[in-house]
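Take a look at the structure set out below.
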Amino acid sequence: MSVPPIITLVLCLTISILRAQELEAMESDLDALEKELQQGCSSTLHTRERLNQLEEKLARCEKYNFTGSMIETYVFEFMTKHFRGLNLSSRMDVKTGGGRRLRHAMKFPAELVEGVQARGVDQKLVCIYIHSPCIFQDAHNSSVLNNNVLGAFLQSGHVAGLSRPVEIQFWHDMVLDASNATCVFWQPGAGAGSTGSWSRKGCETTHREGTVICHCDHLTYFAVLLSWQLPSGALSLAQLASLTYISTVGCSFSAAATLCTLLLCCFSRQQLRDNTTRIHMHLLATLLLLNCSFLLSTLLATSAEGLCRVIAALLHISLLCTLAWMAAEAFHLLLLLVKVYNVYIQHYLLKLCLFAWGLPMLAVVAVFVFKSDTYGYHTISFSEDNRNATMCWLTSLPAHYATLCYAGLILLFNTLVLGRVVMILQRIGWQKGQARKDCATVLGLTCLLGTTWGLAFFSFGVFRIPQLYLFTILNSLQGLFVSLWYITVHRRSKPGSISNTSR
C-alpha cells in the first residue's frame, strides 16, 4: 500500500524541523561550552558533563563542523568498507609566545575500523580539539603542552588495540625532549564524582624540531604531558625579571657611553692617528652595535617572524664581531709588550678589519641565506607555571655550540695574553707607588679583552644563579667600562707616544 504524498511531505518537513532544532541546540551547547572554557571552568565536573553530552549529540549528527577560539569539532561519516584513512588538521588559531600560529594534526589509519563488526554500515568519526586544560585536570594538577587536548572516537563505541596506531602531532616553539614531554591520554575516573588521570599506556612519543608526535593504539583524548625536571639553580620568574632589568639598564648605559666616546673621537681627529686608538674605536663600535641589537632582540620578540630573524642575525653578527675585536686588541697588545722592537705588518689595520668584521659577517650572512631558520624566536623557560619568555636569537643547537666554541677559543687566547701581561708587570717589579696603577691597568685590560665573558662557561650547579647575575652586570656594562678606561687613560697620552706596530 503506497503512502499518500501529503503524509510523505509532512514526514519530510517534520524530520527537517527536528534536525534544525537539533543543530540549533548543538550550536547553543557549543557556545555555552566555549564560554565556560574561556572563564576557566568554574565547575570542572559540570563542564565535563556538558562535554559528554556534546559528544553524544555529535555522534547523532550527520555532519557538523564548528571552529571557535577554545574548541573545534568535526564529524565525518563514511562506509567502513570504503575507509582508507583520514588526515585532519586543526583550523583553530593557536598563538605561541612569539606570535606564530600553530596547527595540530591527527592521522587515522585504514585499520581504524578493523574492530568494527558491521562492515557495511555507515560509521561516524568525531574529532574534538580543545584549547583549555580545565576539563582534564588530574589530582596532581598536571600541565599539558600549550593547553591543547585532541580527542577522537567512533560512533560504534570503544576503539583500542589497533595494529597500526593513530598519529597525533602537536606543534610547539619550546625546547622539549623525552625527559620533559610525554604523550598521554585521558583516563576517566572510576566514580561519578572522581577526577580522571593522564596515562602513557598504549602511546609512544617521538620528538622532532618543533613537533611532538604521538602514536597511540586507541581513541580518546590525547595531550603532551609536561614534566619539567628543573635543576636546583633554575630561574624563577622574579629572577628572570631582575636579570632582564639589569641587562636592559646596563646595555642602555653602555650604548650611551660608547656612542658619546665615538662622537668625541670623531671630533678629535688627532687621536685617531695611531693604530691602537683606531682598534679601540672599532671595539667600541661593535659594543654599541651589540648593545643596541640586544635591546632590539627583546623588544621585537613578539614581532613578525621575518623581522625577528633579521634582528637575531644582527645580534649574532655583533656578538661575533665584538669577540673578534677583543681578540684583535689582545693580538695588538701582545705585539706592543712582548716584541721589543716595532713590527711592520703591511696593511695591518685592513687585515684586522677583514678578520674582525669580514669573517663574522660572511659566516652569518651565509647561514641566514641558506638556512634562515637558524635564527628566530628563542624560548627561555623558567620554573613557575611552565611559562616561557621569548627573544630573537639562535634556534639551532649546532649554531649555538659553534658560537660557544668560537667564543671559547678567543677568550682562551685573550686570557693567555692577559696572563702574559701580568707576568711582565711582575718581572719589572711592583715599584712603590706603582702597584695601584698596575692593578688599574690589569683591571682595564680585563674589560678591554673581554675576559669576563668567560663566566658563561661556569653556568652549572650552585654557581648558576650567582654567575648569571655577575655575568649580566659585568658584561652589560662592558661598553661603559671600556669608554671610561679610554677616556681616563688614552685621552691623557700624547699623540705618538704609543709605538706603531704597522703602517
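Residue numbers start at 1 in each chain; chains themselves are named A, B, ... in the order of the C-alpha cells; ligands are numbered from 1 in the order shown.
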List the neighbours of Phe153 (chain A) out to 8 Å using only C-alpha atoms; skip same-chain residues closer than 4 positions along the sequence, and give me the result as a list in words. Leu125, Val126, Cys127, Gly157, His158, Val159, Leu219 and Thr220 of chain A
Check the DSSP output for the backbone and give back, as number ranges by chain, the residues of region 390-466 of chain A in alpha helix (DSSP H). A: 397-428, 435-448, 464-466
Ala407 (chain A) proximity check over A:Phe108, A:Trp453, A:Tyr245, A:Tyr74, using only C-alpha atoms: winner is A:Trp453
Might you pull out every residue within 9 Å of Thr182 (chain A), with only C-alpha atoms counted and same-chain residues fewer than 3 positions away left off, and present them as an NGL selection string? :A and (177-179 or 200 or 203-206 or 212 or 214 or 223-227)
A:Ser156, A:Gln123, A:Ser252, A:Ser372 ranked by distance to Glu305 (chain A), top pick (using only C-alpha atoms): A:Ser372
The residue from A:Val113, A:Leu30, A:Ala256, A:Leu154 with the smallest atom-to-atom distance to Phe76 (chain A), counting only C-alpha atoms, is A:Leu154
I'd like the neighbourhood of Phe136 (chain A) as a short mmCIF file (atom, residue, chain, number, x, y, z; two decimals) with N, CA and C atoms, in the first residue's frame, where a residue qualifies if any of its atoms comes within 8 Å (using only C-alpha atoms), though same-chain residues fewer than 3 positions away should be ignored.
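Saved result, selection.cif, follows:
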data_model
loop_
_atom_site.label_atom_id
_atom_site.label_comp_id
_atom_site.auth_asym_id
_atom_site.auth_seq_id
_atom_site.Cartn_x
_atom_site.Cartn_y
_atom_site.Cartn_z
N PRO A 133 42.94 23.60 29.58
CA PRO A 133 43.29 22.46 30.42
C PRO A 133 42.27 22.18 31.52
N TRP A 186 43.71 10.62 28.25
CA TRP A 186 42.90 10.87 29.43
C TRP A 186 42.13 9.61 29.82
N GLY A 196 39.72 12.19 36.74
CA GLY A 196 40.46 11.21 35.96
C GLY A 196 41.95 11.42 36.11
N SER A 197 42.71 10.81 35.21
CA SER A 197 44.17 10.91 35.27
C SER A 197 44.73 10.73 33.87
#
Residue contacts of Cys392 (chain A) (6 Å, only C-alpha atoms) excluding same-chain residues fewer than 2 positions away, as JSON, numbers by chain: {"A": [297, 301, 308, 312, 376, 377, 378]}
Based on the selection just made, write N, CA and C atoms of those residues as a PDB file, in the first residue's frame.
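As a result, part.pdb now contains:
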ATOM      1  N   SER A 297      66.396  42.845  20.295  1.00  0.00           N
ATOM      2  CA  SER A 297      66.013  41.422  20.268  1.00  0.00           C
ATOM      3  C   SER A 297      64.941  41.100  21.303  1.00  0.00           C
ATOM      4  N   ALA A 301      60.604  40.690  20.141  1.00  0.00           N
ATOM      5  CA  ALA A 301      60.394  39.242  20.255  1.00  0.00           C
ATOM      6  C   ALA A 301      58.972  38.834  19.897  1.00  0.00           C
ATOM      7  N   CYS A 308      62.058  39.244  13.271  1.00  0.00           N
ATOM      8  CA  CYS A 308      62.767  38.648  14.405  1.00  0.00           C
ATOM      9  C   CYS A 308      64.023  37.919  13.931  1.00  0.00           C
ATOM     10  N   ALA A 312      67.811  38.745  15.082  1.00  0.00           N
ATOM     11  CA  ALA A 312      68.636  37.682  15.657  1.00  0.00           C
ATOM     12  C   ALA A 312      69.963  37.557  14.906  1.00  0.00           C
ATOM     13  N   GLY A 376      65.565  33.045  14.919  1.00  0.00           N
ATOM     14  CA  GLY A 376      64.129  33.187  15.147  1.00  0.00           C
ATOM     15  C   GLY A 376      63.816  33.378  16.612  1.00  0.00           C
ATOM     16  N   TYR A 377      62.663  32.847  17.020  1.00  0.00           N
ATOM     17  CA  TYR A 377      62.192  33.004  18.391  1.00  0.00           C
ATOM     18  C   TYR A 377      62.903  32.001  19.309  1.00  0.00           C
ATOM     19  N   HIS A 378      63.645  32.517  20.252  1.00  0.00           N
ATOM     20  CA  HIS A 378      64.355  31.679  21.230  1.00  0.00           C
ATOM     21  C   HIS A 378      63.586  31.715  22.545  1.00  0.00           C
TER      22      HIS A 378
END
Given only C-alpha atoms as the basis, pick out the residue of A:Thr248, A:Thr390, A:Thr261, A:Asn414 nearest to Glu329 (chain A). A:Asn414
For Ile128 (chain A), work out the shell of residues within 12 Å, counting only C-alpha atoms and skipping chain neighbours fewer than 2 positions away, then give it as a PyMOL selection string. chain A and resi 30+51-52+54-55+58-59+64-68+70-76+88-92+104-106+125-126+130-131+148-154+219-222
For the selection you just gave me, I'd like the residues written to a file as a short mmCIF file (atom, residue, chain, number, x, y, z; two decimals), in the first residue's frame, keeping N, CA and C atoms.
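See result.cif below for the written result:
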data_model
loop_
_atom_site.label_atom_id
_atom_site.label_comp_id
_atom_site.auth_asym_id
_atom_site.auth_seq_id
_atom_site.Cartn_x
_atom_site.Cartn_y
_atom_site.Cartn_z
N LEU A 30 27.51 24.31 22.20
CA LEU A 30 28.90 24.64 21.91
C LEU A 30 29.25 26.06 22.37
N LEU A 51 30.53 18.34 28.18
CA LEU A 51 31.31 17.79 27.07
C LEU A 51 30.82 16.39 26.70
N ASN A 52 30.47 15.57 27.69
CA ASN A 52 29.94 14.23 27.40
C ASN A 52 28.63 14.31 26.63
N LEU A 54 27.76 16.75 24.69
CA LEU A 54 28.11 17.21 23.35
C LEU A 54 28.60 16.05 22.49
N GLU A 55 29.39 15.16 23.06
CA GLU A 55 29.87 14.00 22.31
C GLU A 55 28.71 13.16 21.81
N LEU A 58 26.97 14.98 18.93
CA LEU A 58 27.78 14.97 17.71
C LEU A 58 27.74 13.61 17.03
N ALA A 59 27.68 12.55 17.81
CA ALA A 59 27.62 11.20 17.24
C ALA A 59 26.31 10.96 16.50
N TYR A 64 28.73 17.92 11.10
CA TYR A 64 28.69 19.20 11.79
C TYR A 64 30.11 19.61 12.17
N ASN A 65 30.54 20.76 11.67
CA ASN A 65 31.86 21.30 11.96
C ASN A 65 31.70 22.64 12.68
N PHE A 66 32.51 22.85 13.70
CA PHE A 66 32.45 24.08 14.48
C PHE A 66 33.88 24.49 14.84
N THR A 67 34.20 25.78 14.65
CA THR A 67 35.51 26.30 14.99
C THR A 67 35.35 27.55 15.84
N GLY A 68 35.81 27.46 17.07
CA GLY A 68 35.79 28.61 17.98
C GLY A 68 37.18 28.92 18.45
N MET A 70 38.22 28.32 21.58
CA MET A 70 38.63 27.37 22.61
C MET A 70 38.31 25.92 22.25
N ILE A 71 37.42 25.71 21.31
CA ILE A 71 37.00 24.34 20.97
C ILE A 71 36.73 24.26 19.48
N GLU A 72 36.98 23.10 18.92
CA GLU A 72 36.80 22.86 17.48
C GLU A 72 36.30 21.42 17.31
N THR A 73 35.27 21.23 16.50
CA THR A 73 34.68 19.90 16.33
C THR A 73 34.54 19.56 14.85
N TYR A 74 34.67 18.27 14.55
CA TYR A 74 34.47 17.74 13.20
C TYR A 74 33.72 16.42 13.31
N VAL A 75 32.80 16.21 12.38
CA VAL A 75 32.09 14.93 12.29
C VAL A 75 32.21 14.42 10.86
N PHE A 76 32.73 13.19 10.69
CA PHE A 76 32.90 12.58 9.38
C PHE A 76 32.07 11.30 9.32
N LEU A 88 43.66 14.93 9.22
CA LEU A 88 42.87 16.08 9.68
C LEU A 88 43.79 17.08 10.37
N SER A 89 43.67 18.37 10.01
CA SER A 89 44.45 19.44 10.64
C SER A 89 43.51 20.44 11.29
N SER A 90 43.96 20.98 12.40
CA SER A 90 43.16 21.96 13.12
C SER A 90 43.17 23.29 12.38
N ARG A 91 42.03 24.01 12.45
CA ARG A 91 41.94 25.36 11.89
C ARG A 91 41.90 26.39 13.00
N MET A 92 41.97 25.95 14.25
CA MET A 92 41.86 26.85 15.38
C MET A 92 43.14 27.68 15.51
N HIS A 104 47.61 21.77 14.67
CA HIS A 104 47.83 20.40 15.11
C HIS A 104 47.10 19.45 14.16
N ALA A 105 47.55 18.21 14.11
CA ALA A 105 47.03 17.28 13.11
C ALA A 105 46.82 15.90 13.73
N MET A 106 45.88 15.17 13.13
CA MET A 106 45.63 13.78 13.50
C MET A 106 45.54 12.96 12.22
N LEU A 125 33.00 9.35 12.60
CA LEU A 125 34.20 9.67 13.36
C LEU A 125 34.07 11.09 13.87
N VAL A 126 34.14 11.25 15.17
CA VAL A 126 34.01 12.57 15.82
C VAL A 126 35.38 12.99 16.34
N ILE A 130 40.44 20.84 21.86
CA ILE A 130 40.15 21.73 22.98
C ILE A 130 41.42 22.47 23.36
N HIS A 131 41.31 23.80 23.45
CA HIS A 131 42.46 24.62 23.83
C HIS A 131 42.25 25.18 25.24
N ASN A 148 46.72 22.19 25.01
CA ASN A 148 46.00 21.59 23.89
C ASN A 148 45.66 20.12 24.18
N VAL A 149 44.39 19.78 23.96
CA VAL A 149 43.91 18.40 24.10
C VAL A 149 43.18 18.03 22.82
N LEU A 150 43.57 16.94 22.18
CA LEU A 150 42.96 16.48 20.94
C LEU A 150 42.27 15.15 21.19
N GLY A 151 40.99 15.06 20.81
CA GLY A 151 40.22 13.85 21.06
C GLY A 151 39.55 13.32 19.81
N ALA A 152 39.27 12.01 19.80
CA ALA A 152 38.58 11.37 18.69
C ALA A 152 37.92 10.09 19.18
N PHE A 153 36.75 9.75 18.60
CA PHE A 153 36.09 8.49 18.91
C PHE A 153 35.13 8.13 17.79
N LEU A 154 34.82 6.83 17.68
CA LEU A 154 33.87 6.34 16.70
C LEU A 154 32.48 6.21 17.31
N LEU A 219 41.48 5.25 20.68
CA LEU A 219 40.88 6.57 20.52
C LEU A 219 40.38 7.09 21.85
N THR A 220 40.71 8.33 22.14
CA THR A 220 40.23 9.03 23.33
C THR A 220 40.75 10.46 23.22
N TYR A 221 40.96 11.14 24.35
CA TYR A 221 41.56 12.47 24.34
C TYR A 221 43.05 12.35 24.62
N PHE A 222 43.85 13.07 23.80
CA PHE A 222 45.31 12.98 23.88
C PHE A 222 45.91 14.35 24.17
#
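Between CA of Val175 (chain A) and CA of Thr374 (chain A) lies a distance of 14.3 Å.
Every protein or nucleic acid residue with an atom no more than 8 Å from Cys321 (chain A), counting only C-alpha atoms and leaving out same-chain residues fewer than 3 positions away, appears here: Thr286, Ile317, Ser318, Ala324, Trp325, Ala356, Trp357, Pro360 and Met361 of chain A.
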Residue selection dump (N, CA and C atoms) as an mmCIF file, in the first residue's frame:
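Saved file out.cif follows:
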data_model
loop_
_atom_site.group_PDB
_atom_site.id
_atom_site.type_symbol
_atom_site.label_atom_id
_atom_site.label_comp_id
_atom_site.auth_asym_id
_atom_site.auth_seq_id
_atom_site.Cartn_x
_atom_site.Cartn_y
_atom_site.Cartn_z
ATOM 1 N N THR A 286 81.638 48.003 17.822
ATOM 2 C CA THR A 286 80.982 46.692 17.921
ATOM 3 C C THR A 286 80.194 46.563 19.220
ATOM 4 N N ILE A 317 75.821 38.663 14.512
ATOM 5 C CA ILE A 317 76.955 39.344 13.871
ATOM 6 C C ILE A 317 77.684 40.237 14.861
ATOM 7 N N SER A 318 76.924 41.030 15.616
ATOM 8 C CA SER A 318 77.546 41.969 16.557
ATOM 9 C C SER A 318 78.306 41.233 17.652
ATOM 10 N N ALA A 324 85.710 39.131 18.090
ATOM 11 C CA ALA A 324 86.853 39.195 17.181
ATOM 12 C C ALA A 324 87.704 40.437 17.450
ATOM 13 N N TRP A 325 87.067 41.573 17.730
ATOM 14 C CA TRP A 325 87.848 42.789 18.020
ATOM 15 C C TRP A 325 88.523 42.704 19.386
ATOM 16 N N ALA A 356 88.038 40.758 11.798
ATOM 17 C CA ALA A 356 87.073 41.031 12.862
ATOM 18 C C ALA A 356 85.715 41.505 12.358
ATOM 19 N N TRP A 357 85.665 42.075 11.172
ATOM 20 C CA TRP A 357 84.378 42.466 10.576
ATOM 21 C C TRP A 357 83.954 41.503 9.468
ATOM 22 N N PRO A 360 83.108 37.287 10.421
ATOM 23 C CA PRO A 360 81.816 37.064 11.105
ATOM 24 C C PRO A 360 80.613 37.411 10.234
ATOM 25 N N MET A 361 80.692 38.538 9.510
ATOM 26 C CA MET A 361 79.575 38.917 8.640
ATOM 27 C C MET A 361 79.359 37.890 7.538
#
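Going from CA of Tyr469 (chain A) to CA of Val364 (chain A) covers 28.8 Å.
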Looking at A:Tyr344, A:Leu468, A:Arg60, A:Lys35, which one is nearest to Leu240 (chain A), with distances taken over only C-alpha atoms? A:Leu468
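Here the residues within region 297-475 of chain A that DSSP labels strand (DSSP E or B) on the basis of the backbone are Tyr375, Gly376, Tyr377, His378, Thr379, Ile380, Ser381, Asn388, Ala389, Thr390, Met391, Cys392, Trp393 and Leu394 of chain A.
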